[in-house]
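Asks: Below is start.txt; it holds compact mmCIF, C-alpha atoms.
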# COMPACT_ATOMS: atom_id res chain seq x y z
CA MET U 19 116.65 2.30 -72.67
CA SER U 20 119.47 2.21 -70.17
CA GLN U 21 119.40 0.18 -67.01
CA ASN U 22 119.71 3.38 -65.03
CA LYS U 23 116.35 4.62 -66.13
CA LYS U 24 114.69 1.34 -65.30
CA ASP U 25 116.19 1.64 -61.85
CA GLU U 26 114.91 5.14 -61.52
CA ILE U 27 111.42 3.89 -62.11
CA LEU U 28 111.75 0.78 -59.97
CA HIS U 29 113.13 2.57 -56.94
CA ASP U 30 112.22 5.94 -55.60
CA HIS U 31 115.75 7.34 -55.46
CA ASN U 32 114.49 10.88 -55.52
CA HIS U 33 111.76 10.46 -52.95
CA ASP U 34 109.38 12.15 -55.32
CA GLY U 35 106.70 9.50 -55.22
CA VAL U 36 107.69 7.92 -58.50
CA ASP U 37 108.23 4.31 -57.51
CA ARG U 38 107.26 1.66 -60.02
CA ARG U 39 103.74 1.26 -58.71
CA GLY U 40 103.25 4.99 -58.63
CA PHE U 41 104.67 5.26 -62.07
CA LEU U 42 102.26 2.73 -63.47
CA LYS U 43 99.39 4.57 -61.91
CA CYS U 44 100.73 7.69 -63.49
CA MET U 45 100.40 6.03 -66.84
CA ALA U 46 96.76 6.85 -66.51
CA TRP U 47 98.11 10.31 -67.37
CA ALA U 48 98.30 9.06 -70.86
CA GLY U 49 94.59 9.24 -71.27
CA THR U 50 94.09 12.60 -69.69
CA GLY U 51 93.62 16.24 -70.42
CA ALA U 52 93.04 19.24 -68.24
CA LEU U 53 89.79 21.04 -67.56
CA CYS U 54 90.18 24.80 -67.36
CA VAL U 55 87.58 26.84 -65.54
CA MET U 56 87.44 30.61 -65.59
CA GLN U 57 86.11 31.81 -62.24
CA GLY U 58 85.89 35.50 -61.48
CA GLY U 59 88.33 36.15 -64.29
CA VAL U 60 90.89 33.75 -62.86
CA LEU U 61 91.65 30.51 -64.62
CA LYS U 62 92.07 27.27 -62.74
CA SER U 63 93.12 24.06 -64.39
CA TYR U 64 92.27 20.61 -63.16
CA SER U 65 93.85 17.37 -64.23
CA MET U 66 91.33 14.94 -65.70
CA SER U 67 93.15 12.10 -64.00
CA ARG U 68 91.69 13.39 -60.73
CA MET U 69 88.23 13.68 -62.18
CA ASN U 70 86.68 11.21 -59.77
CA GLU U 71 87.64 13.49 -56.88
CA TRP U 72 85.86 16.47 -58.35
CA ASN U 73 82.78 18.03 -56.94
CA ALA U 74 81.05 19.17 -60.09
CA ALA U 75 78.87 21.64 -58.21
CA LYS U 76 81.94 23.51 -57.06
CA MET U 77 83.39 23.86 -60.52
CA GLY U 78 80.98 26.55 -61.68
CA GLY U 79 82.72 29.41 -63.38
CA GLU U 80 81.88 31.58 -66.33
CA LEU U 81 83.61 29.47 -68.89
CA SER U 82 85.19 26.07 -68.99
CA PHE U 83 87.22 24.41 -71.69
CA ALA U 84 89.40 21.35 -71.89
CA GLN U 85 93.05 21.38 -72.80
CA ILE U 86 94.59 18.37 -74.44
CA SER U 87 98.11 18.21 -75.72
CA ASP U 88 100.87 16.19 -77.33
CA SER U 89 98.77 13.44 -78.86
CA HIS U 90 101.79 12.50 -81.05
CA MET U 91 99.63 10.53 -83.45
CA GLY U 92 101.90 8.11 -85.30
CA PHE U 93 104.16 7.40 -82.33
CA ASN U 94 104.34 3.62 -81.95
CA LYS U 95 107.27 2.92 -79.64
CA PRO U 96 107.06 0.88 -76.41
CA ALA U 97 106.24 3.94 -74.29
CA ASN U 98 102.79 3.78 -75.91
CA PRO U 99 102.04 1.65 -78.96
CA ASP U 100 98.43 2.89 -79.07
CA VAL U 101 98.38 6.67 -79.02
CA ALA U 102 95.07 6.66 -80.90
CA GLY U 103 93.52 4.63 -78.07
CA THR U 104 94.80 6.96 -75.38
CA LEU U 105 93.66 10.08 -77.25
CA LYS U 106 90.25 8.49 -77.57
CA ALA U 107 90.34 7.79 -73.82
CA ALA U 108 91.02 11.48 -73.21
CA VAL U 109 88.07 12.45 -75.38
CA ASP U 110 85.87 9.93 -73.56
CA LYS U 111 86.87 11.45 -70.21
CA ILE U 112 86.00 14.92 -71.46
CA ASN U 113 82.68 13.66 -72.80
CA ALA U 114 81.94 12.14 -69.41
CA LEU U 115 82.10 15.51 -67.63
CA SER U 116 78.76 16.46 -66.11
CA ALA U 117 79.07 19.97 -67.47
CA GLN U 118 80.52 19.97 -70.96
CA PRO U 119 83.42 22.33 -71.65
CA GLU U 120 82.67 25.05 -74.16
CA PHE U 121 85.47 23.95 -76.49
CA LEU U 122 88.71 22.00 -76.69
CA LEU U 123 92.14 23.47 -76.95
CA HIS U 124 95.01 21.39 -78.33
CA THR U 125 98.43 22.76 -77.47
CA GLY U 126 100.38 21.04 -80.21
CA ASP U 127 102.27 17.95 -81.26
CA ILE U 128 99.00 16.78 -82.71
CA SER U 129 101.05 14.44 -84.91
CA HIS U 130 104.37 12.71 -84.44
CA LEU U 131 105.84 13.15 -87.93
CA ALA U 132 103.42 15.62 -89.55
CA LYS U 133 102.07 12.91 -91.85
CA PRO U 134 98.64 13.60 -93.37
CA GLU U 135 97.23 10.33 -92.05
CA GLU U 136 98.34 11.24 -88.52
CA PHE U 137 96.41 14.52 -88.63
CA ASP U 138 93.47 12.66 -90.22
CA THR U 139 93.36 10.19 -87.32
CA VAL U 140 93.37 12.96 -84.71
CA ASP U 141 90.66 14.85 -86.56
CA GLN U 142 88.58 11.69 -86.67
CA ILE U 143 88.97 11.02 -82.94
CA LEU U 144 88.23 14.63 -82.01
CA LYS U 145 85.00 14.42 -84.00
CA GLY U 146 83.87 12.10 -81.22
CA ALA U 147 84.03 14.93 -78.69
CA VAL U 148 80.75 16.44 -77.53
CA ALA U 149 82.41 19.86 -77.65
CA LYS U 150 82.56 20.59 -81.35
CA GLU U 151 84.95 23.50 -81.43
CA VAL U 152 88.68 22.77 -81.22
CA PHE U 153 91.43 25.38 -81.25
CA PHE U 154 94.99 24.39 -82.10
CA VAL U 155 98.52 25.65 -82.02
CA PRO U 156 101.31 23.63 -83.66
CA GLY U 157 104.04 21.73 -81.89
CA GLU U 158 107.48 21.19 -83.41
CA HIS U 159 106.38 17.76 -84.62
CA ASP U 160 103.50 19.28 -86.60
CA VAL U 161 105.77 21.49 -88.70
CA ILE U 162 108.38 18.87 -89.63
CA GLY U 163 109.54 19.11 -93.22
CA ASP U 164 107.42 22.02 -94.43
CA ASP U 165 107.69 24.72 -91.74
CA GLY U 166 104.05 24.16 -90.92
CA GLN U 167 102.41 24.64 -94.32
CA GLN U 168 100.29 21.51 -93.99
CA TYR U 169 99.39 22.43 -90.40
CA ARG U 170 98.21 25.86 -91.53
CA ASP U 171 96.28 24.41 -94.47
CA ARG U 172 94.41 22.19 -92.01
CA TYR U 173 94.07 24.28 -88.87
CA GLY U 174 95.27 27.76 -89.71
CA LYS U 175 92.32 29.36 -91.49
CA GLY U 176 92.07 32.97 -90.47
CA THR U 177 95.40 32.92 -88.65
CA LYS U 178 98.38 35.19 -89.23
CA GLY U 179 102.00 34.41 -90.05
CA ALA U 180 103.04 30.96 -88.88
CA GLY U 181 99.53 30.36 -87.52
CA TRP U 182 99.02 32.75 -84.62
CA TYR U 183 95.58 34.21 -83.84
CA SER U 184 93.26 35.45 -81.14
CA PHE U 185 89.58 35.10 -80.34
CA ASP U 186 87.12 36.03 -77.61
CA LYS U 187 84.84 33.79 -75.57
CA LYS U 188 82.53 35.17 -72.91
CA GLY U 189 84.70 38.18 -72.29
CA VAL U 190 87.93 36.21 -72.15
CA HIS U 191 90.57 37.03 -74.77
CA PHE U 192 92.39 33.93 -76.05
CA ILE U 193 95.72 34.22 -77.87
CA GLY U 194 97.25 31.25 -79.72
CA LEU U 195 100.97 31.71 -80.34
CA VAL U 196 103.41 29.72 -82.46
CA ASN U 197 106.88 29.17 -81.03
CA VAL U 198 108.01 26.11 -83.00
CA VAL U 199 109.04 27.45 -86.42
CA ASN U 200 112.33 28.95 -87.61
CA LEU U 201 114.13 27.62 -84.56
CA LYS U 202 117.77 28.64 -84.47
CA ALA U 203 120.70 26.30 -83.88
CA GLY U 204 121.42 26.12 -80.17
CA GLY U 205 118.27 28.07 -79.37
CA LEU U 206 114.94 27.45 -77.67
CA GLY U 207 111.35 27.99 -78.72
CA ASN U 208 110.99 31.20 -80.69
CA LEU U 209 108.15 33.64 -81.37
CA GLY U 210 109.95 36.10 -83.62
CA GLY U 211 109.59 39.80 -84.27
CA ASP U 212 106.54 39.66 -86.55
CA GLN U 213 104.52 37.69 -84.04
CA LEU U 214 105.59 39.90 -81.14
CA ASP U 215 104.54 43.00 -83.11
CA TRP U 216 101.20 41.38 -83.85
CA LEU U 217 100.73 40.49 -80.18
CA ALA U 218 101.48 44.04 -79.04
CA ALA U 219 98.87 45.37 -81.48
CA ASP U 220 96.36 42.63 -80.66
CA VAL U 221 96.17 43.48 -76.96
CA LYS U 222 96.62 47.21 -77.23
CA GLN U 223 92.92 48.12 -77.32
CA LEU U 224 91.86 45.66 -74.62
CA LYS U 225 90.85 46.84 -71.17
CA SER U 226 93.29 45.80 -68.47
CA SER U 227 90.42 44.00 -66.73
CA THR U 228 90.03 41.59 -69.66
CA PRO U 229 91.08 38.08 -68.64
CA ILE U 230 93.78 36.82 -71.01
CA VAL U 231 94.54 33.21 -71.89
CA VAL U 232 97.69 32.64 -73.93
CA PHE U 233 98.38 29.19 -75.33
CA ALA U 234 101.43 27.91 -77.19
CA HIS U 235 103.23 24.60 -77.47
CA ILE U 236 106.65 25.15 -75.89
CA PRO U 237 106.51 26.67 -72.40
CA LEU U 238 106.62 30.46 -72.34
CA TRP U 239 108.45 30.30 -69.04
CA SER U 240 111.81 28.81 -68.32
CA VAL U 241 110.97 25.27 -67.21
CA TYR U 242 114.29 23.64 -68.15
CA PRO U 243 116.25 25.34 -70.93
CA GLU U 244 118.84 22.54 -70.91
CA TRP U 245 116.20 20.35 -72.54
CA GLY U 246 114.80 23.12 -74.68
CA TRP U 247 111.84 23.62 -72.36
CA ALA U 248 111.65 27.39 -72.70
CA THR U 249 111.14 30.12 -75.31
CA ASP U 250 113.89 32.58 -76.21
CA ASP U 251 111.74 35.68 -76.54
CA SER U 252 108.85 34.85 -74.20
CA ALA U 253 109.79 37.67 -71.80
CA GLN U 254 109.00 40.23 -74.48
CA ALA U 255 105.62 38.62 -75.13
CA LEU U 256 104.75 38.58 -71.45
CA GLY U 257 105.86 42.21 -71.23
CA TYR U 258 102.98 43.18 -73.52
CA LEU U 259 100.58 41.46 -71.13
CA ARG U 260 101.82 43.17 -67.98
CA LYS U 261 98.92 45.60 -67.78
CA PHE U 262 96.33 42.84 -67.49
CA GLY U 263 95.02 41.74 -64.13
CA SER U 264 94.62 38.07 -65.05
CA VAL U 265 96.87 36.27 -67.51
CA SER U 266 96.93 32.49 -67.86
CA VAL U 267 99.53 30.80 -70.01
CA LEU U 268 98.84 27.24 -71.18
CA ASN U 269 101.57 25.12 -72.73
CA GLY U 270 102.28 21.51 -73.67
CA HIS U 271 105.58 20.03 -74.90
CA ILE U 272 106.91 18.67 -71.59
CA HIS U 273 104.28 15.94 -71.10
CA GLN U 274 103.70 16.63 -67.43
CA ILE U 275 101.86 19.10 -65.25
CA MET U 276 103.66 22.07 -63.84
CA GLN U 277 102.21 25.27 -62.60
CA LYS U 278 103.76 28.51 -61.55
CA VAL U 279 102.60 31.99 -60.59
CA GLU U 280 104.51 35.15 -61.41
CA GLY U 281 102.66 38.29 -60.42
CA ASN U 282 99.40 38.31 -62.37
CA VAL U 283 100.52 35.52 -64.66
CA THR U 284 99.75 31.87 -63.99
CA PHE U 285 101.59 29.28 -66.05
CA HIS U 286 100.27 25.78 -66.65
CA THR U 287 101.69 22.91 -68.64
CA ALA U 288 99.54 19.97 -69.66
CA MET U 289 100.08 16.26 -69.74
CA SER U 290 100.39 14.37 -72.99
CA THR U 291 97.67 12.09 -74.22
CA ALA U 292 100.43 9.86 -75.63
CA PHE U 293 103.34 9.25 -73.26
CA PRO U 294 104.95 10.84 -70.21
CA GLN U 295 108.35 12.48 -70.20
CA PRO U 296 110.77 12.56 -67.27
CA GLN U 297 110.94 15.37 -64.79
CA PRO U 298 113.54 17.99 -65.69
CA GLY U 299 117.06 16.62 -65.30
CA LYS U 300 115.83 13.29 -63.91
CA ALA U 301 116.95 11.32 -66.98
CA ASP U 302 119.64 11.46 -69.65
CA SER U 303 117.27 13.13 -72.05
CA PRO U 304 113.63 14.20 -72.34
CA GLY U 305 112.78 11.06 -74.32
CA PRO U 306 109.60 9.05 -73.65
CA MET U 307 109.39 7.14 -70.37
CA LYS U 308 108.69 3.50 -71.07
CA VAL U 309 106.90 0.61 -69.47
CA PRO U 310 106.31 -2.72 -71.21
CA ALA U 311 103.42 -2.47 -73.65
CA GLU U 312 101.20 -5.01 -71.92
CA GLN U 313 101.54 -3.12 -68.64
CA LEU U 314 100.74 0.16 -70.33
CA ARG U 315 97.51 -1.24 -71.74
CA SER U 316 96.54 -2.73 -68.39
CA VAL U 317 96.87 0.55 -66.55
CA LEU U 318 95.17 2.76 -69.07
CA GLY U 319 91.64 3.71 -68.19
CA ILE U 320 92.32 3.54 -64.45
CA THR U 321 90.83 6.68 -63.03
CA ASP U 322 91.84 6.17 -59.42
CA VAL U 323 95.10 8.05 -59.61
CA ASN U 324 96.46 9.27 -56.32
CA PHE U 325 99.74 10.60 -57.58
CA VAL U 326 100.04 14.09 -56.20
CA ARG U 327 101.84 16.37 -58.59
CA GLY U 328 101.96 19.04 -55.92
CA GLN U 329 104.98 17.30 -54.44
CA HIS U 330 106.94 18.31 -57.45
CA ALA U 331 109.62 20.86 -56.74
CA LEU U 332 108.49 23.12 -59.56
CA ALA U 333 104.76 22.82 -58.95
CA ILE U 334 104.40 26.05 -57.07
CA VAL U 335 100.64 26.11 -57.42
CA ASP U 336 98.62 22.98 -57.86
CA SER U 337 94.89 23.48 -58.08
CA GLN U 338 92.97 20.67 -56.52
CA LEU U 339 89.35 20.25 -55.72
CA ALA U 340 88.88 19.51 -52.07
CA MET X 2 105.98 10.18 -125.34
CA SER X 3 106.16 6.44 -126.11
CA GLY X 4 107.05 3.92 -123.40
CA LYS X 5 110.47 3.34 -124.88
CA ALA X 6 111.26 7.01 -125.19
CA ALA X 7 110.16 7.50 -121.58
CA ARG X 8 112.51 4.75 -120.44
CA ILE X 9 115.43 6.26 -122.32
CA GLY X 10 114.57 9.63 -120.83
CA LEU X 11 114.56 8.12 -117.35
CA VAL X 12 117.91 6.40 -117.89
CA THR X 13 119.42 9.68 -119.08
CA LEU X 14 117.97 11.41 -116.05
CA ALA X 15 119.37 8.74 -113.73
CA ILE X 16 122.83 9.09 -115.26
CA ALA X 17 122.67 12.86 -114.93
CA LEU X 18 121.54 12.53 -111.32
CA ALA X 19 124.30 10.05 -110.56
CA ALA X 20 126.86 12.44 -112.02
CA MET X 21 125.53 15.27 -109.88
CA LEU X 22 125.49 13.17 -106.75
CA THR X 23 129.11 12.09 -107.21
CA THR X 24 130.15 15.73 -107.08
CA VAL X 25 128.22 16.80 -104.01
CA GLY X 26 125.03 15.94 -102.20
CA PRO X 27 123.23 13.29 -100.24
CA VAL X 28 123.79 9.65 -101.06
CA GLY X 29 120.52 8.25 -102.29
CA GLY X 30 120.96 4.69 -103.57
CA VAL X 31 121.72 6.09 -106.98
CA GLY X 32 125.37 6.47 -108.00
CA ALA X 33 128.12 4.20 -106.74
CA GLN X 34 130.69 5.84 -104.47
CA GLU X 35 133.74 3.85 -105.58
CA LYS X 36 136.35 6.46 -104.73
CA ALA X 37 134.86 7.60 -101.43
CA PRO X 38 136.98 6.97 -98.31
CA ALA X 39 135.52 4.89 -95.52
CA GLY X 40 132.42 6.45 -94.03
CA VAL X 41 132.10 8.02 -90.62
CA GLU X 42 129.16 7.46 -88.31
CA VAL X 43 127.39 9.99 -86.14
CA LYS X 44 124.92 8.43 -83.73
CA ILE X 45 121.97 10.26 -82.29
CA ASP X 46 121.31 9.12 -78.73
CA ASN X 47 119.49 10.86 -75.91
CA PHE X 48 118.89 14.05 -77.87
CA SER X 49 122.56 14.53 -78.79
CA PHE X 50 124.88 13.97 -81.73
CA GLY X 51 127.78 11.66 -80.92
CA PRO X 52 130.46 12.60 -81.42
CA ALA X 53 129.37 16.21 -81.55
CA THR X 54 132.49 17.20 -83.48
CA VAL X 55 133.82 14.96 -86.22
CA THR X 56 136.97 15.69 -88.25
CA VAL X 57 137.18 13.92 -91.62
CA PRO X 58 139.24 14.07 -94.82
CA VAL X 59 137.72 15.52 -97.98
CA GLY X 60 135.44 13.07 -99.75
CA THR X 61 134.22 11.34 -96.60
CA THR X 62 130.65 10.14 -96.34
CA VAL X 63 129.18 10.97 -92.97
CA THR X 64 126.15 8.91 -91.93
CA TRP X 65 123.81 9.92 -89.14
CA THR X 66 121.69 7.26 -87.43
CA ASN X 67 118.82 8.16 -85.12
CA ARG X 68 118.72 5.75 -82.18
CA ASP X 69 116.19 7.74 -80.16
CA ASP X 70 112.48 7.03 -79.88
CA ILE X 71 111.86 10.58 -81.03
CA PRO X 72 112.46 11.90 -84.56
CA HIS X 73 115.40 14.19 -85.29
CA THR X 74 116.98 15.99 -88.21
CA ALA X 75 120.56 16.94 -89.10
CA VAL X 76 120.50 20.26 -90.93
CA SER X 77 123.44 22.43 -91.84
CA THR X 78 123.27 25.87 -90.24
CA ASP X 79 124.59 27.30 -93.53
CA GLY X 80 122.22 25.40 -95.78
CA VAL X 81 124.88 22.99 -97.10
CA PHE X 82 122.96 19.83 -96.24
CA LYS X 83 119.53 19.00 -94.90
CA SER X 84 118.30 15.60 -93.82
CA LYS X 85 114.72 14.58 -94.00
CA VAL X 86 113.19 13.77 -90.67
CA MET X 87 114.80 10.63 -89.25
CA ASP X 88 112.51 8.43 -87.22
CA THR X 89 113.97 5.68 -85.04
CA ASP X 90 116.83 3.85 -86.83
CA ASP X 91 116.55 6.03 -89.94
CA LYS X 92 119.79 7.18 -91.52
CA PHE X 93 121.01 10.16 -93.49
CA SER X 94 124.30 10.37 -95.40
CA PHE X 95 126.17 13.26 -96.92
CA VAL X 96 129.48 13.36 -98.80
CA PHE X 97 131.76 16.21 -97.78
CA ASN X 98 133.80 17.18 -100.82
CA LYS X 99 134.99 20.62 -99.74
CA PRO X 100 137.25 21.49 -96.81
CA GLY X 101 135.61 23.61 -94.14
CA THR X 102 133.66 23.59 -90.89
CA TYR X 103 130.01 22.62 -91.18
CA PRO X 104 127.95 23.37 -88.09
CA TYR X 105 124.57 21.66 -88.00
CA TYR X 106 121.61 21.11 -85.68
CA CYS X 107 118.33 19.31 -85.24
CA THR X 108 115.61 21.64 -86.48
CA ILE X 109 113.07 19.92 -84.21
CA HIS X 110 115.25 20.16 -81.10
CA PRO X 111 117.61 23.07 -81.79
CA LYS X 112 119.52 22.54 -78.55
CA MET X 113 121.05 19.58 -80.38
CA THR X 114 124.08 20.86 -82.28
CA GLY X 115 127.20 19.37 -83.86
CA GLN X 116 129.85 20.11 -86.47
CA ILE X 117 131.72 18.31 -89.20
CA ILE X 118 135.25 19.57 -89.85
CA VAL X 119 136.47 18.61 -93.32
CA GLN X 120 140.24 18.83 -93.94
Write the structure described by the file as structure tokens, please.
Replies:
Amino acid sequence: MSQNKKDEILHDHNHDGVDRRGFLKCMAWAGTGALCVMQGGVLKSYSMSRMNEWNAAKMGGELSFAQISDSHMGFNKPANPDVAGTLKAAVDKINALSAQPEFLLHTGDISHLAKPEEFDTVDQILKGAVAKEVFFVPGEHDVIGDDGQQYRDRYGKGTKGAGWYSFDKKGVHFIGLVNVVNLKAGGLGNLGGDQLDWLAADVKQLKSSTPIVVFAHIPLWSVYPEWGWATDDSAQALGYLRKFGSVSVLNGHIHQIMQKVEGNVTFHTAMSTAFPQPQPGKADSPGPMKVPAEQLRSVLGITDVNFVRGQHALAIVDSQLA
Amino acid sequence: MSGKAARIGLVTLAIALAAMLTTVGPVGGVGAQEKAPAGVEVKIDNFSFGPATVTVPVGTTVTWTNRDDIPHTAVSTDGVFKSKVMDTDDKFSFVFNKPGTYPYYCTIHPKMTGQIIVQ
């Protein structure tokens, strides 16, 4: 990687808290997921890297589940030569929660190259989770080579089209969308007409008081289109959800936490269990951020992370437990 | 089919494949490209094809090399050529035997686009 990027890590040019020491601490991101708690119909998400600051009694809520994302099984470059180990660390952290989440939700890029053995490894590691139910949506890496056929064979039972579906848990309506297939040259993430029609029909009969959780891999809001961090037709999808009082949108893809509120819609992106990516526009490309392998291993498993994502320019809302 | 017959069948198949590949198609290891002009390289760095536009004479072999830590593809928008997924340092080659403009993109990261102009 270029000298410039090393400098960017070594020195805090941008005054955003990402000096080298801070960055290394952030590598504890690699073993983290997010805990989502539905409270009074409103979803809050908490980074697992701040778990030691939590007051479990305050978490409460009607429903909690854990989001993990971007495990990129099969990735073996210096940014993280042991993505199996860090996924396992994420599962261990979830298992260590005093109140177990109802289920896990994986927002895609399960695998790095959509190889059968990569999916097998993830499945094996996730079997170690106390929460036995896992819901998936595919990332663009999971549909490489076959437009997602293998993904659907493994995870898509009962789904429609490219693998979209919905289900209900304790009065909350969950919608898993697929925006990583049939991508057009020069374009962004894409849902497509069939899926949008299905979505419109899926939510039509629901009461407007029903809490909605939408999850998909690529952000359904415009995080940074220059790097492909947006979905071409997400506005239409969100239009169908306008009548609902509480809509939460969970995405992966960008390997960092961002949150944003627009009217009744709260957007969250999750960290990767594999490797971090740079903040939008802060590097030449969205490629993996690297530290030497031995340093990566030495900082994994550290739970005392005091990196405050709320300082990020785009983190408009950052839920934290006081 | 006896072992010998199978071998002959395979040799025939290989010759037929080589003949097909000389006309058009990806360069696999099969079929020598004696008449092909010098190849042209397109490098994939930082989620972009470089150079993004390449102009070559008819018969040129264009070779893409992925130098990113993230996999990419090079796929013709018009279905003319389609690489397999290229992991780090993987290559894909295609011989352009017909004049024309061939836009292409990475199907994994569709913001990545390029074109080959064959004259």
Asks: Distance CA of Tyr106 (chain X)-CA of Val76 (chain X), one decimal place?
Replies: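 Spanning CA of Tyr106 (chain X) to CA of Val76 (chain X) is a straight-line distance of 5.4 Å.
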Asks: Please identify every residue of chain U that has at least one atom no farther than 7 Å from an atom of chain X, counting all atoms listed in the file, and for each give the shortest atom pair and the distance in Å to one decimal, arranged by chain then increasing number, as CSV.
Replies:
residue,atom,partner,partner_atom,distance
U:Lys95,CA,X:Asp70,CA,6.6
U:Glu158,CA,X:Ile109,CA,5.8
U:Gly163,CA,X:Lys85,CA,6.9
U:Leu201,CA,X:Pro111,CA,6.4
U:Lys202,CA,X:Pro111,CA,6.2
U:Ala203,CA,X:Pro111,CA,4.9
U:Gly204,CA,X:Lys112,CA,4.4
U:Gly205,CA,X:Pro111,CA,5.6
U:Leu206,CA,X:Pro111,CA,6.6
U:Gly246,CA,X:Lys112,CA,6.1
U:Asp302,CA,X:Asn47,CA,6.3
U:Ser303,CA,X:Asn47,CA,5.0
U:Gly305,CA,X:Ile71,CA,6.8
Asks: So how many Å separate CA of Leu115 (chain U) and CA of Met276 (chain U), to one decimal?
Replies: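 CA of Leu115 (chain U) sits 22.9 Å away from CA of Met276 (chain U).
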Asks: What gap, in Å, lies between CA of Phe185 (chain U) and CA of Val140 (chain U)?
Replies: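 Atom-to-atom, CA of Phe185 (chain U) and CA of Val140 (chain U) are spaced 22.9 Å apart.
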Asks: With 8 Å of padding per side, what axis-aligned box (centre and edge lengths, Å, one decimal) covers all the listed atoms of region 112-120 of chain X? Give it as JSON.
Replies:
{"center_x": 129.9, "center_y": 20.4, "center_z": -86.2, "size_x": 36.7, "size_y": 20.2, "size_z": 31.4}
Asks: Using the incomplete input, complete region 99-115 of chain X to the level of N, CA and C atoms; output as a PDB file, in the coordinates of the input.
Replies:
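Once written, selection_1.pdb looks like this:
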ATOM      1  N   LYS X  99     134.251  19.347 -99.835  1.00  0.00           N
ATOM      2  CA  LYS X  99     134.990  20.620 -99.740  1.00  0.00           C
ATOM      3  C   LYS X  99     135.477  20.806 -98.316  1.00  0.00           C
ATOM      4  N   PRO X 100     136.742  21.223 -98.163  1.00  0.00           N
ATOM      5  CA  PRO X 100     137.250  21.490 -96.810  1.00  0.00           C
ATOM      6  C   PRO X 100     136.436  22.618 -96.159  1.00  0.00           C
ATOM      7  N   GLY X 101     136.331  22.550 -94.851  1.00  0.00           N
ATOM      8  CA  GLY X 101     135.610  23.610 -94.140  1.00  0.00           C
ATOM      9  C   GLY X 101     134.991  23.077 -92.865  1.00  0.00           C
ATOM     10  N   THR X 102     134.361  23.974 -92.102  1.00  0.00           N
ATOM     11  CA  THR X 102     133.660  23.590 -90.890  1.00  0.00           C
ATOM     12  C   THR X 102     132.164  23.733 -91.130  1.00  0.00           C
ATOM     13  N   TYR X 103     131.444  22.659 -90.883  1.00  0.00           N
ATOM     14  CA  TYR X 103     130.010  22.620 -91.180  1.00  0.00           C
ATOM     15  C   TYR X 103     129.212  22.428 -89.890  1.00  0.00           C
ATOM     16  N   PRO X 104     128.809  23.521 -89.274  1.00  0.00           N
ATOM     17  CA  PRO X 104     127.950  23.370 -88.090  1.00  0.00           C
ATOM     18  C   PRO X 104     126.555  22.908 -88.516  1.00  0.00           C
ATOM     19  N   TYR X 105     125.918  22.118 -87.687  1.00  0.00           N
ATOM     20  CA  TYR X 105     124.570  21.660 -88.000  1.00  0.00           C
ATOM     21  C   TYR X 105     123.773  21.471 -86.710  1.00  0.00           C
ATOM     22  N   TYR X 106     122.476  21.266 -86.850  1.00  0.00           N
ATOM     23  CA  TYR X 106     121.610  21.110 -85.680  1.00  0.00           C
ATOM     24  C   TYR X 106     120.370  20.329 -86.049  1.00  0.00           C
ATOM     25  N   CYS X 107     119.626  19.947 -85.028  1.00  0.00           N
ATOM     26  CA  CYS X 107     118.330  19.310 -85.240  1.00  0.00           C
ATOM     27  C   CYS X 107     117.289  20.416 -85.260  1.00  0.00           C
ATOM     28  N   THR X 108     116.575  20.548 -86.372  1.00  0.00           N
ATOM     29  CA  THR X 108     115.610  21.640 -86.480  1.00  0.00           C
ATOM     30  C   THR X 108     114.408  21.446 -85.568  1.00  0.00           C
ATOM     31  N   ILE X 109     114.189  20.195 -85.117  1.00  0.00           N
ATOM     32  CA  ILE X 109     113.070  19.920 -84.210  1.00  0.00           C
ATOM     33  C   ILE X 109     113.473  20.241 -82.773  1.00  0.00           C
ATOM     34  N   HIS X 110     114.735  19.917 -82.448  1.00  0.00           N
ATOM     35  CA  HIS X 110     115.250  20.160 -81.100  1.00  0.00           C
ATOM     36  C   HIS X 110     116.540  20.957 -81.228  1.00  0.00           C
ATOM     37  N   PRO X 111     116.436  22.273 -81.401  1.00  0.00           N
ATOM     38  CA  PRO X 111     117.610  23.070 -81.790  1.00  0.00           C
ATOM     39  C   PRO X 111     118.721  23.123 -80.745  1.00  0.00           C
ATOM     40  N   LYS X 112     118.428  22.629 -79.536  1.00  0.00           N
ATOM     41  CA  LYS X 112     119.520  22.540 -78.550  1.00  0.00           C
ATOM     42  C   LYS X 112     120.546  21.501 -78.990  1.00  0.00           C
ATOM     43  N   MET X 113     120.146  20.615 -79.882  1.00  0.00           N
ATOM     44  CA  MET X 113     121.050  19.580 -80.380  1.00  0.00           C
ATOM     45  C   MET X 113     121.903  20.156 -81.510  1.00  0.00           C
ATOM     46  N   THR X 114     123.198  20.307 -81.258  1.00  0.00           N
ATOM     47  CA  THR X 114     124.080  20.860 -82.280  1.00  0.00           C
ATOM     48  C   THR X 114     125.315  19.982 -82.448  1.00  0.00           C
ATOM     49  N   GLY X 115     125.967  20.090 -83.594  1.00  0.00           N
ATOM     50  CA  GLY X 115     127.200  19.370 -83.860  1.00  0.00           C
ATOM     51  C   GLY X 115     127.946  20.065 -84.979  1.00  0.00           C
TER      52      GLY X 115
END
